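Colleague: One file: protein.pdb (PDB, C-alpha atoms).
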```pdb
ATOM      1  CA  GLY A   1       3.397  -7.447  17.552
ATOM      2  CA  PRO A   2      -0.212  -8.517  17.005
ATOM      3  CA  VAL A   3       0.307  -9.188  13.280
ATOM      4  CA  GLY A   4       3.182 -11.563  13.984
ATOM      5  CA  LEU A   5       1.327 -13.329  16.791
ATOM      6  CA  ALA A   6      -1.767 -13.727  14.604
ATOM      7  CA  ALA A   7       0.417 -15.042  11.763
ATOM      8  CA  ALA A   8       2.017 -17.575  14.125
ATOM      9  CA  HIS A   9      -1.362 -18.837  15.321
ATOM     10  CA  SER A  10      -2.594 -18.956  11.716
ATOM     11  CA  ALA A  11       0.401 -21.116  10.776
ATOM     12  CA  GLN A  12      -0.600 -23.506  13.560
ATOM     13  CA  LEU A  13      -4.172 -23.606  12.243
ATOM     14  CA  LEU A  14      -2.856 -24.397   8.774
ATOM     15  CA  GLY A  15      -0.908 -27.386  10.098
ATOM     16  CA  ALA A  16       2.676 -26.218  10.583
ATOM     17  CA  ALA A  17       4.626 -28.819  12.546
ATOM     18  CA  VAL A  18       6.675 -26.151  14.336
ATOM     19  CA  VAL A  19       6.154 -22.392  14.436
ATOM     20  CA  ILE A  20       9.144 -20.240  15.390
ATOM     21  CA  VAL A  21       8.659 -16.586  16.330
ATOM     22  CA  GLY A  22      11.629 -14.221  16.291
ATOM     23  CA  ASP A  23      11.526 -10.870  18.070
ATOM     24  CA  LEU A  24      13.626  -8.394  20.029
ATOM     25  CA  ASN A  25      10.926  -8.034  22.706
ATOM     26  CA  ASN A  26      10.861 -10.553  25.581
ATOM     27  CA  GLU A  27       7.207  -9.853  26.399
ATOM     28  CA  ARG A  28       6.087 -10.691  22.849
ATOM     29  CA  LEU A  29       8.272 -13.818  22.844
ATOM     30  CA  ALA A  30       6.609 -14.944  26.088
ATOM     31  CA  GLN A  31       3.192 -14.348  24.507
ATOM     32  CA  ALA A  32       4.184 -16.524  21.518
ATOM     33  CA  ARG A  33       5.339 -19.309  23.833
ATOM     34  CA  SER A  34       2.006 -19.126  25.706
ATOM     35  CA  PHE A  35       0.238 -20.747  22.745
ATOM     36  CA  GLY A  36       2.896 -23.251  21.760
ATOM     37  CA  CYS A  37       5.411 -21.435  19.569
ATOM     38  CA  GLU A  38       9.150 -21.860  19.719
ATOM     39  CA  THR A  39      10.994 -18.541  19.995
ATOM     40  CA  VAL A  40      14.304 -16.913  19.125
ATOM     41  CA  ASN A  41      15.479 -13.714  20.761
ATOM     42  CA  LEU A  42      17.097 -11.657  18.018
ATOM     43  CA  ARG A  43      18.456  -9.119  20.500
ATOM     44  CA  GLU A  44      20.691 -11.708  22.173
ATOM     45  CA  HIS A  45      21.932 -13.649  19.164
ATOM     46  CA  ALA A  46      22.595 -12.218  15.690
ATOM     47  CA  ASN A  47      22.787 -15.560  13.839
ATOM     48  CA  LEU A  48      19.236 -16.662  13.024
ATOM     49  CA  SER A  49      20.305 -19.885  11.256
ATOM     50  CA  GLU A  50      22.094 -21.151  14.373
ATOM     51  CA  GLN A  51      19.056 -20.506  16.533
ATOM     52  CA  ILE A  52      16.782 -22.303  14.065
ATOM     53  CA  GLU A  53      19.171 -25.247  13.961
ATOM     54  CA  GLN A  54      19.034 -25.531  17.765
ATOM     55  CA  ILE A  55      15.246 -25.925  17.495
ATOM     56  CA  LEU A  56      14.818 -27.970  14.306
ATOM     57  CA  GLY A  57      18.155 -29.729  13.882
ATOM     58  CA  VAL A  58      18.614 -27.985  10.513
ATOM     59  CA  PRO A  59      19.386 -24.299   9.895
ATOM     60  CA  GLU A  60      16.410 -23.613   7.620
ATOM     61  CA  VAL A  61      12.629 -23.455   7.493
ATOM     62  CA  ASP A  62      10.084 -24.321   4.811
ATOM     63  CA  CYS A  63       8.314 -20.959   4.902
ATOM     64  CA  ALA A  64       8.848 -17.600   6.562
ATOM     65  CA  VAL A  65       6.668 -14.562   7.197
ATOM     66  CA  ASP A  66       7.897 -10.975   7.589
ATOM     67  CA  CYS A  67       5.457  -9.198   9.907
ATOM     68  CA  VAL A  68       7.677  -6.188  10.598
ATOM     69  CA  GLY A  69       8.391  -4.398   7.350
ATOM     70  CA  PHE A  70      10.524  -1.305   6.938
ATOM     71  CA  GLU A  71      10.517  -0.488  10.680
ATOM     72  CA  ALA A  72      12.778  -3.471  11.365
ATOM     73  CA  HIS A  73      15.932  -3.314  13.457
ATOM     74  CA  GLY A  74      19.064  -5.368  12.998
ATOM     75  CA  HIS A  75      19.859  -8.406  15.125
ATOM     76  CA  GLY A  76      22.290  -8.741  18.002
ATOM     77  CA  HIS A  77      23.265  -6.533  20.919
ATOM     78  CA  SER A  78      24.132  -3.380  18.965
ATOM     79  CA  HIS A  79      21.162  -3.295  16.636
ATOM     80  CA  GLY A  80      19.748  -0.216  14.948
ATOM     81  CA  GLU A  81      17.177   0.577  12.289
ATOM     82  CA  ALA A  82      17.722  -1.697   9.285
ATOM     83  CA  PRO A  83      14.712  -1.661   6.926
ATOM     84  CA  ALA A  84      15.789  -4.632   4.772
ATOM     85  CA  THR A  85      17.066  -6.919   7.519
ATOM     86  CA  VAL A  86      13.995  -9.130   7.915
ATOM     87  CA  LEU A  87      13.610  -9.741   4.179
ATOM     88  CA  ASN A  88      17.284 -10.608   3.833
ATOM     89  CA  SER A  89      17.190 -12.830   6.917
ATOM     90  CA  ILE A  90      14.146 -14.826   5.834
ATOM     91  CA  MET A  91      15.649 -15.402   2.385
ATOM     92  CA  GLU A  92      18.775 -16.757   4.065
ATOM     93  CA  VAL A  93      16.932 -19.194   6.345
ATOM     94  CA  THR A  94      14.178 -20.394   3.986
ATOM     95  CA  ARG A  95      14.979 -23.548   2.039
ATOM     96  CA  ALA A  96      15.221 -23.621  -1.734
ATOM     97  CA  GLY A  97      11.727 -23.655  -3.219
ATOM     98  CA  GLY A  98      10.270 -22.224  -0.008
ATOM     99  CA  ARG A  99       7.690 -19.490   0.353
ATOM    100  CA  LEU A 100       7.967 -16.010   1.851
ATOM    101  CA  GLY A 101       4.912 -14.124   3.069
ATOM    102  CA  ILE A 102       5.389 -10.394   3.440
ATOM    103  CA  PRO A 103       2.465  -8.671   5.162
ATOM    104  CA  GLY A 104       4.985  -6.425   6.941
ATOM    105  CA  LEU A 105       4.590  -2.843   5.755
ATOM    106  CA  TYR A 106       6.924  -1.450   3.105
ATOM    107  CA  VAL A 107       6.335   2.068   1.857
ATOM    108  CA  THR A 108       7.151   4.010  -1.291
ATOM    109  CA  GLY A 109       8.490   6.851   0.820
ATOM    110  CA  ASP A 110       9.603   7.420   4.408
ATOM    111  CA  PRO A 111      10.892  10.919   5.185
ATOM    112  CA  GLY A 112      12.241   9.742   8.557
ATOM    113  CA  ALA A 113      14.283   6.827   7.169
ATOM    114  CA  ILE A 114      17.923   6.300   8.037
ATOM    115  CA  ASP A 115      19.369   6.973   4.571
ATOM    116  CA  ALA A 116      18.507   8.618   1.247
ATOM    117  CA  ASP A 117      17.604   5.336  -0.458
ATOM    118  CA  ALA A 118      15.251   4.209   2.292
ATOM    119  CA  LYS A 119      13.540   7.616   2.229
ATOM    120  CA  HIS A 120      12.338   6.672  -1.259
ATOM    121  CA  GLY A 121      11.432   3.075  -0.414
ATOM    122  CA  THR A 122      14.618   1.717  -1.991
ATOM    123  CA  LEU A 123      16.111  -0.982   0.222
ATOM    124  CA  LYS A 124      19.246  -3.092  -0.046
ATOM    125  CA  ILE A 125      17.505  -6.421  -0.511
ATOM    126  CA  ARG A 126      19.456  -9.493  -1.643
ATOM    127  CA  PHE A 127      16.926 -10.291  -4.353
ATOM    128  CA  GLY A 128      19.476 -12.474  -6.150
ATOM    129  CA  LEU A 129      19.475 -14.821  -3.157
ATOM    130  CA  GLY A 130      15.692 -15.219  -3.310
ATOM    131  CA  TRP A 131      15.896 -15.750  -7.059
ATOM    132  CA  ALA A 132      18.693 -18.330  -6.768
ATOM    133  CA  LYS A 133      16.693 -20.280  -4.162
ATOM    134  CA  SER A 134      13.501 -20.139  -6.289
ATOM    135  CA  HIS A 135      11.510 -18.542  -3.497
ATOM    136  CA  THR A 136       7.877 -17.613  -3.940
ATOM    137  CA  PHE A 137       7.148 -14.110  -2.618
ATOM    138  CA  VAL A 138       3.638 -13.063  -1.614
ATOM    139  CA  THR A 139       3.354  -9.435  -0.567
ATOM    140  CA  GLY A 140       0.853  -6.745   0.283
ATOM    141  CA  GLN A 141      -2.318  -6.571   2.275
ATOM    142  CA  THR A 142      -4.173  -9.803   2.962
ATOM    143  CA  PRO A 143      -7.213 -10.405   0.726
ATOM    144  CA  VAL A 144      -9.525 -10.444   3.759
ATOM    145  CA  MET A 145     -12.725 -11.272   1.882
ATOM    146  CA  GLN A 146     -11.139 -14.544   0.732
ATOM    147  CA  TYR A 147     -10.571 -15.748   4.305
ATOM    148  CA  HIS A 148     -12.947 -13.975   6.670
ATOM    149  CA  ARG A 149     -15.834 -16.498   6.659
ATOM    150  CA  ASP A 150     -13.650 -19.555   7.310
ATOM    151  CA  LEU A 151     -11.719 -17.685   9.988
ATOM    152  CA  MET A 152     -14.942 -16.471  11.613
ATOM    153  CA  MET A 153     -16.268 -20.036  11.727
ATOM    154  CA  SER A 154     -12.967 -21.250  13.210
ATOM    155  CA  ILE A 155     -13.212 -18.589  15.918
ATOM    156  CA  LEU A 156     -16.869 -19.331  16.679
ATOM    157  CA  SER A 157     -16.170 -23.068  16.908
ATOM    158  CA  GLY A 158     -13.267 -22.477  19.292
ATOM    159  CA  ARG A 159     -10.647 -23.880  16.905
ATOM    160  CA  ALA A 160      -9.015 -20.487  16.304
ATOM    161  CA  GLN A 161      -7.974 -18.604  19.443
ATOM    162  CA  ILE A 162      -6.806 -15.407  17.754
ATOM    163  CA  ALA A 163      -7.860 -13.120  20.620
ATOM    164  CA  LYS A 164      -5.847 -15.234  23.050
ATOM    165  CA  ALA A 165      -2.846 -15.377  20.698
ATOM    166  CA  VAL A 166      -2.669 -11.596  20.285
ATOM    167  CA  ASN A 167      -3.549 -10.971  23.955
ATOM    168  CA  ALA A 168      -6.633  -8.907  23.042
ATOM    169  CA  THR A 169      -7.267  -6.407  25.820
ATOM    170  CA  LYS A 170     -10.545  -4.487  25.970
ATOM    171  CA  ILE A 171     -10.273  -0.809  26.908
ATOM    172  CA  SER A 172     -12.563   2.197  27.081
ATOM    173  CA  LEU A 173     -12.126   5.230  24.866
ATOM    174  CA  ASP A 174     -10.702   7.149  27.831
ATOM    175  CA  GLN A 175      -7.962   4.524  28.225
ATOM    176  CA  ALA A 176      -6.878   4.792  24.571
ATOM    177  CA  PRO A 177      -4.074   7.404  24.982
ATOM    178  CA  ALA A 178      -2.374   5.354  27.722
ATOM    179  CA  ALA A 179      -2.875   2.143  25.714
ATOM    180  CA  TYR A 180      -1.288   3.690  22.617
ATOM    181  CA  ALA A 181       1.690   4.802  24.710
ATOM    182  CA  GLU A 182       2.012   1.267  26.126
ATOM    183  CA  PHE A 183       1.728  -0.280  22.655
ATOM    184  CA  ASP A 184       4.353   2.132  21.314
ATOM    185  CA  LYS A 185       6.761   0.796  23.951
ATOM    186  CA  GLY A 186       6.232  -2.765  22.666
ATOM    187  CA  ALA A 187       3.443  -4.082  24.908
ATOM    188  CA  SER A 188       2.395  -7.565  23.889
ATOM    189  CA  LYS A 189      -1.293  -6.666  23.638
ATOM    190  CA  LYS A 190      -3.835  -5.916  20.946
ATOM    191  CA  PHE A 191      -5.994  -3.172  22.396
ATOM    192  CA  VAL A 192      -9.676  -3.276  21.458
ATOM    193  CA  ILE A 193     -11.561  -0.039  22.127
ATOM    194  CA  ASP A 194     -15.114  -0.582  23.366
ATOM    195  CA  PRO A 195     -16.423   2.994  23.752
ATOM    196  CA  HIS A 196     -19.962   1.989  24.730
ATOM    197  CA  GLY A 197     -19.188  -1.005  26.962
ATOM    198  CA  LEU A 198     -20.964  -3.437  24.605
ATOM    199  CA  VAL A 199     -18.315  -6.179  24.507
ATOM    200  CA  LYS A 200     -18.655  -8.831  27.187
ATOM    201  CA  ALA A 201     -15.421  -9.591  29.047
TER     202      ALA A 201
END
```
Spell out the structure here as structure tokens.
Modeller:
Amino acid sequence: GPVGLAAAHSAQLLGAAVVIVGDLNNERLAQARSFGCETVNLREHANLSEQIEQILGVPEVDCAVDCVGFEAHGHGHSHGEAPATVLNSIMEVTRAGGRLGIPGLYVTGDPGAIDADAKHGTLKIRFGLGWAKSHTFVTGQTPVMQYHRDLMMSILSGRAQIAKAVNATKISLDQAPAAYAEFDKGASKKFVIDPHGLVKA
């Protein structure tokens, strides 16, 4: 979604040689390709390492970012809800000494989760794998005040194209219910509500 697309563009701004976006949604993968990302379709192929190797020549990355969180689904054709799958997958494909960013949302409780453990925020994470590979984990909400001025200046100068990356789409307040329904179905757009018509197109 928008968080993953913004993270991909941010990685480009920070100098990543290659940015790979993985998703189950073809529309979001197309959006990622539109600004220069490589993509892997996790619905069609369950083995993430093999897909990475086809792109990079090696089956691992230096850093990985989980922008999904506990709402994740498993990989492959017969995927279902699997709250720990992204964390486990990025530990598998990140090299020893690599870094894992986790802005994806994880909660202390989810009454609608698939099992009793997940309902209490307890997930089956292969923490031993991350420990053995000496990964650095950074989690939680982004410290916005630390980055907002530099990002604003990058946007104003034209260097950062965040709105383009997330496919920002201006809507009126009346269009919001339909936009939320579209977003809920996986639309590759970040809807921006402009109730007074003040934002120039």
Colleague: Quick one: everything within 12 Å of His73 (chain A), counting only C-alpha atoms, minus sequence neighbours fewer than 4 positions away in the same chain. Send it as a VMD selection string.
Modeller: chain A and resid 23 to 25 42 to 43 46 68 to 69 77 to 87 89 114
Colleague: Please compute the CA of Asp66 (chain A)-CA of Glu50 (chain A) distance, one decimal, in Å.
Modeller: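 Atom-to-atom, CA of Asp66 (chain A) and CA of Glu50 (chain A) are spaced 18.7 Å apart.
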Colleague: Might you pull out every residue within 10 Å of Ile90 (chain A), with all atoms listed in the file counted and same-chain residues fewer than 4 positions away left off, and present them as a list of chain:residue names?
Modeller: A:Leu48, A:Ser49, A:Glu60, A:Val61, A:Cys63, A:Ala64, A:Val65, A:Asp66, A:Thr85, A:Val86, A:Thr94, A:Arg95, A:Arg99, A:Leu100, A:Gly101, A:Gly130
Colleague: Write out, as a PDB file, in the coordinates of the input, the residues just selected, with C-alpha atoms.
Modeller:
```
ATOM      1  CA  LEU A  48      19.236 -16.662  13.024  1.00  0.00           C
ATOM      2  CA  SER A  49      20.305 -19.885  11.256  1.00  0.00           C
ATOM      3  CA  GLU A  60      16.410 -23.613   7.620  1.00  0.00           C
ATOM      4  CA  VAL A  61      12.629 -23.455   7.493  1.00  0.00           C
ATOM      5  CA  CYS A  63       8.314 -20.959   4.902  1.00  0.00           C
ATOM      6  CA  ALA A  64       8.848 -17.600   6.562  1.00  0.00           C
ATOM      7  CA  VAL A  65       6.668 -14.562   7.197  1.00  0.00           C
ATOM      8  CA  ASP A  66       7.897 -10.975   7.589  1.00  0.00           C
ATOM      9  CA  THR A  85      17.066  -6.919   7.519  1.00  0.00           C
ATOM     10  CA  VAL A  86      13.995  -9.130   7.915  1.00  0.00           C
ATOM     11  CA  THR A  94      14.178 -20.394   3.986  1.00  0.00           C
ATOM     12  CA  ARG A  95      14.979 -23.548   2.039  1.00  0.00           C
ATOM     13  CA  ARG A  99       7.690 -19.490   0.353  1.00  0.00           C
ATOM     14  CA  LEU A 100       7.967 -16.010   1.851  1.00  0.00           C
ATOM     15  CA  GLY A 101       4.912 -14.124   3.069  1.00  0.00           C
ATOM     16  CA  GLY A 130      15.692 -15.219  -3.310  1.00  0.00           C
TER      17      GLY A 130
END
```
Colleague: List the spatial neighbours of Ala179 (chain A) as number ranges by chain - criterion: any atom at most 10 Å away, only C-alpha atoms, same-chain residues fewer than 3 positions off excluded.
Modeller: A: 169, 171-176, 182-185, 187, 189-193
Colleague: Please evaluate the PyMOL selection byres ((chain A and resi 9) around 8) against the displayed coordinates and give the resulting residues as a ChimeraX atom specification.
Modeller: /A:5-8,10-13,35,160-162,165
Colleague: What gap, in Å, lies between CA of Gly98 (chain A) and CA of Asp62 (chain A)?
Modeller: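 Between CA of Gly98 (chain A) and CA of Asp62 (chain A) the gap is 5.3 Å.
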Colleague: Evaluate the PyMOL selection byres ((chain A and resi 34) around 12) and record the selected residues as a list in words, following the chain and residue labels used in the document.
Modeller: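 Taken on the displayed file, the PyMOL selection byres ((chain A and resi 34) around 12) yields the residues Leu5, Ala8, His9, Val21, Glu27, Arg28, Leu29, Ala30, Gln31, Ala32, Arg33, Phe35, Gly36, Cys37, Glu38, Thr39, Gln161, Lys164, Ala165, Val166, Asn167 and Ser188 of chain A.
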Colleague: Please list as a PyMOL selection string every residue within 12 Å of Ala132 (chain A), counting all atoms listed in the file and excluding residues in the same chain fewer than 4 positions away.
Modeller: chain A and resi 91-92+94-98+126-128+136
Colleague: Figure out the distance between CA of Ser154 (chain A) and CA of Lys200 (chain A), please, to one decimal in Å.
Modeller: 19.5 Å
Colleague: Can you list, as an mmCIF file with C-alpha atoms, in the coordinates of the input, every protein, DNA or RNA residue that comes within 12 Å of Phe70 (chain A) when you count all atoms listed in the file, leaving out same-chain residues fewer than 4 positions away?
Modeller:
```cif
data_model
loop_
_atom_site.group_PDB
_atom_site.id
_atom_site.type_symbol
_atom_site.label_atom_id
_atom_site.label_comp_id
_atom_site.auth_asym_id
_atom_site.auth_seq_id
_atom_site.Cartn_x
_atom_site.Cartn_y
_atom_site.Cartn_z
ATOM 1 C CA ASP A 66 7.897 -10.975 7.589
ATOM 2 C CA GLY A 74 19.064 -5.368 12.998
ATOM 3 C CA GLU A 81 17.177 0.577 12.289
ATOM 4 C CA ALA A 82 17.722 -1.697 9.285
ATOM 5 C CA PRO A 83 14.712 -1.661 6.926
ATOM 6 C CA ALA A 84 15.789 -4.632 4.772
ATOM 7 C CA THR A 85 17.066 -6.919 7.519
ATOM 8 C CA VAL A 86 13.995 -9.130 7.915
ATOM 9 C CA LEU A 87 13.610 -9.741 4.179
ATOM 10 C CA ASN A 88 17.284 -10.608 3.833
ATOM 11 C CA ILE A 102 5.389 -10.394 3.440
ATOM 12 C CA PRO A 103 2.465 -8.671 5.162
ATOM 13 C CA GLY A 104 4.985 -6.425 6.941
ATOM 14 C CA LEU A 105 4.590 -2.843 5.755
ATOM 15 C CA TYR A 106 6.924 -1.450 3.105
ATOM 16 C CA VAL A 107 6.335 2.068 1.857
ATOM 17 C CA THR A 108 7.151 4.010 -1.291
ATOM 18 C CA GLY A 109 8.490 6.851 0.820
ATOM 19 C CA ASP A 110 9.603 7.420 4.408
ATOM 20 C CA GLY A 112 12.241 9.742 8.557
ATOM 21 C CA ALA A 113 14.283 6.827 7.169
ATOM 22 C CA ILE A 114 17.923 6.300 8.037
ATOM 23 C CA ALA A 118 15.251 4.209 2.292
ATOM 24 C CA LYS A 119 13.540 7.616 2.229
ATOM 25 C CA HIS A 120 12.338 6.672 -1.259
ATOM 26 C CA GLY A 121 11.432 3.075 -0.414
ATOM 27 C CA THR A 122 14.618 1.717 -1.991
ATOM 28 C CA LEU A 123 16.111 -0.982 0.222
ATOM 29 C CA LYS A 124 19.246 -3.092 -0.046
ATOM 30 C CA ILE A 125 17.505 -6.421 -0.511
#
```
Colleague: Output region 149-181 of chain A as a PDB file, in the frame of the given file, making sure N, CA and C atoms are there.
Modeller:
```pdb
ATOM      1  N   ARG A 149     -14.768 -15.595   6.207  1.00  0.00           N
ATOM      2  CA  ARG A 149     -15.834 -16.498   6.659  1.00  0.00           C
ATOM      3  C   ARG A 149     -15.263 -17.739   7.338  1.00  0.00           C
ATOM      4  N   ASP A 150     -14.254 -18.363   6.708  1.00  0.00           N
ATOM      5  CA  ASP A 150     -13.650 -19.555   7.310  1.00  0.00           C
ATOM      6  C   ASP A 150     -13.004 -19.226   8.649  1.00  0.00           C
ATOM      7  N   LEU A 151     -12.342 -18.069   8.732  1.00  0.00           N
ATOM      8  CA  LEU A 151     -11.719 -17.685   9.988  1.00  0.00           C
ATOM      9  C   LEU A 151     -12.780 -17.410  11.053  1.00  0.00           C
ATOM     10  N   MET A 152     -13.858 -16.733  10.662  1.00  0.00           N
ATOM     11  CA  MET A 152     -14.942 -16.471  11.613  1.00  0.00           C
ATOM     12  C   MET A 152     -15.506 -17.778  12.160  1.00  0.00           C
ATOM     13  N   MET A 153     -15.726 -18.749  11.284  1.00  0.00           N
ATOM     14  CA  MET A 153     -16.268 -20.036  11.727  1.00  0.00           C
ATOM     15  C   MET A 153     -15.275 -20.765  12.634  1.00  0.00           C
ATOM     16  N   SER A 154     -13.986 -20.635  12.353  1.00  0.00           N
ATOM     17  CA  SER A 154     -12.967 -21.250  13.210  1.00  0.00           C
ATOM     18  C   SER A 154     -12.949 -20.604  14.589  1.00  0.00           C
ATOM     19  N   ILE A 155     -13.159 -19.299  14.630  1.00  0.00           N
ATOM     20  CA  ILE A 155     -13.212 -18.589  15.918  1.00  0.00           C
ATOM     21  C   ILE A 155     -14.455 -18.996  16.689  1.00  0.00           C
ATOM     22  N   LEU A 156     -15.605 -18.997  16.011  1.00  0.00           N
ATOM     23  CA  LEU A 156     -16.869 -19.331  16.679  1.00  0.00           C
ATOM     24  C   LEU A 156     -16.885 -20.766  17.194  1.00  0.00           C
ATOM     25  N   SER A 157     -16.206 -21.668  16.485  1.00  0.00           N
ATOM     26  CA  SER A 157     -16.170 -23.068  16.908  1.00  0.00           C
ATOM     27  C   SER A 157     -15.140 -23.316  18.005  1.00  0.00           C
ATOM     28  N   GLY A 158     -14.294 -22.322  18.268  1.00  0.00           N
ATOM     29  CA  GLY A 158     -13.267 -22.477  19.292  1.00  0.00           C
ATOM     30  C   GLY A 158     -11.953 -23.022  18.769  1.00  0.00           C
ATOM     31  N   ARG A 159     -11.888 -23.340  17.477  1.00  0.00           N
ATOM     32  CA  ARG A 159     -10.647 -23.880  16.905  1.00  0.00           C
ATOM     33  C   ARG A 159      -9.566 -22.799  16.832  1.00  0.00           C
ATOM     34  N   ALA A 160      -9.957 -21.601  16.385  1.00  0.00           N
ATOM     35  CA  ALA A 160      -9.015 -20.487  16.304  1.00  0.00           C
ATOM     36  C   ALA A 160      -9.129 -19.651  17.569  1.00  0.00           C
ATOM     37  N   GLN A 161      -8.014 -19.400  18.214  1.00  0.00           N
ATOM     38  CA  GLN A 161      -7.974 -18.604  19.443  1.00  0.00           C
ATOM     39  C   GLN A 161      -7.168 -17.326  19.195  1.00  0.00           C
ATOM     40  N   ILE A 162      -7.565 -16.594  18.162  1.00  0.00           N
ATOM     41  CA  ILE A 162      -6.806 -15.407  17.754  1.00  0.00           C
ATOM     42  C   ILE A 162      -6.737 -14.371  18.878  1.00  0.00           C
ATOM     43  N   ALA A 163      -7.861 -14.128  19.551  1.00  0.00           N
ATOM     44  CA  ALA A 163      -7.860 -13.120  20.620  1.00  0.00           C
ATOM     45  C   ALA A 163      -6.861 -13.492  21.714  1.00  0.00           C
ATOM     46  N   LYS A 164      -6.798 -14.773  22.038  1.00  0.00           N
ATOM     47  CA  LYS A 164      -5.847 -15.234  23.050  1.00  0.00           C
ATOM     48  C   LYS A 164      -4.414 -15.084  22.531  1.00  0.00           C
ATOM     49  N   ALA A 165      -4.193 -15.438  21.267  1.00  0.00           N
ATOM     50  CA  ALA A 165      -2.846 -15.377  20.698  1.00  0.00           C
ATOM     51  C   ALA A 165      -2.296 -13.957  20.689  1.00  0.00           C
ATOM     52  N   VAL A 166      -3.149 -12.976  20.362  1.00  0.00           N
ATOM     53  CA  VAL A 166      -2.669 -11.596  20.285  1.00  0.00           C
ATOM     54  C   VAL A 166      -2.848 -10.849  21.605  1.00  0.00           C
ATOM     55  N   ASN A 167      -3.336 -11.562  22.634  1.00  0.00           N
ATOM     56  CA  ASN A 167      -3.549 -10.971  23.955  1.00  0.00           C
ATOM     57  C   ASN A 167      -4.479  -9.761  23.850  1.00  0.00           C
ATOM     58  N   ALA A 168      -5.656  -9.983  23.222  1.00  0.00           N
ATOM     59  CA  ALA A 168      -6.633  -8.907  23.042  1.00  0.00           C
ATOM     60  C   ALA A 168      -7.054  -8.376  24.408  1.00  0.00           C
ATOM     61  N   THR A 169      -6.976  -7.071  24.552  1.00  0.00           N
ATOM     62  CA  THR A 169      -7.267  -6.407  25.820  1.00  0.00           C
ATOM     63  C   THR A 169      -8.285  -5.304  25.573  1.00  0.00           C
ATOM     64  N   LYS A 170      -9.467  -5.458  26.164  1.00  0.00           N
ATOM     65  CA  LYS A 170     -10.545  -4.487  25.970  1.00  0.00           C
ATOM     66  C   LYS A 170     -10.278  -3.249  26.820  1.00  0.00           C
ATOM     67  N   ILE A 171     -10.456  -2.076  26.194  1.00  0.00           N
ATOM     68  CA  ILE A 171     -10.273  -0.809  26.908  1.00  0.00           C
ATOM     69  C   ILE A 171     -11.417   0.132  26.555  1.00  0.00           C
ATOM     70  N   SER A 172     -11.589   1.143  27.381  1.00  0.00           N
ATOM     71  CA  SER A 172     -12.563   2.197  27.081  1.00  0.00           C
ATOM     72  C   SER A 172     -11.887   3.258  26.221  1.00  0.00           C
ATOM     73  N   LEU A 173     -12.680   4.151  25.677  1.00  0.00           N
ATOM     74  CA  LEU A 173     -12.126   5.230  24.866  1.00  0.00           C
ATOM     75  C   LEU A 173     -11.198   6.112  25.694  1.00  0.00           C
ATOM     76  N   ASP A 174     -11.539   6.320  26.955  1.00  0.00           N
ATOM     77  CA  ASP A 174     -10.702   7.149  27.831  1.00  0.00           C
ATOM     78  C   ASP A 174      -9.322   6.535  28.077  1.00  0.00           C
ATOM     79  N   GLN A 175      -9.235   5.213  27.991  1.00  0.00           N
ATOM     80  CA  GLN A 175      -7.962   4.524  28.225  1.00  0.00           C
ATOM     81  C   GLN A 175      -7.075   4.490  26.985  1.00  0.00           C
ATOM     82  N   ALA A 176      -7.603   4.918  25.838  1.00  0.00           N
ATOM     83  CA  ALA A 176      -6.878   4.792  24.571  1.00  0.00           C
ATOM     84  C   ALA A 176      -5.527   5.506  24.562  1.00  0.00           C
ATOM     85  N   PRO A 177      -5.403   6.765  25.033  1.00  0.00           N
ATOM     86  CA  PRO A 177      -4.074   7.404  24.982  1.00  0.00           C
ATOM     87  C   PRO A 177      -3.003   6.621  25.751  1.00  0.00           C
ATOM     88  N   ALA A 178      -3.339   6.126  26.937  1.00  0.00           N
ATOM     89  CA  ALA A 178      -2.374   5.354  27.722  1.00  0.00           C
ATOM     90  C   ALA A 178      -2.062   4.030  27.028  1.00  0.00           C
ATOM     91  N   ALA A 179      -3.088   3.415  26.417  1.00  0.00           N
ATOM     92  CA  ALA A 179      -2.875   2.143  25.714  1.00  0.00           C
ATOM     93  C   ALA A 179      -1.965   2.327  24.506  1.00  0.00           C
ATOM     94  N   TYR A 180      -2.167   3.424  23.762  1.00  0.00           N
ATOM     95  CA  TYR A 180      -1.288   3.690  22.617  1.00  0.00           C
ATOM     96  C   TYR A 180       0.149   3.895  23.075  1.00  0.00           C
ATOM     97  N   ALA A 181       0.338   4.590  24.180  1.00  0.00           N
ATOM     98  CA  ALA A 181       1.690   4.802  24.710  1.00  0.00           C
ATOM     99  C   ALA A 181       2.315   3.465  25.108  1.00  0.00           C
TER     100      ALA A 181
END
```
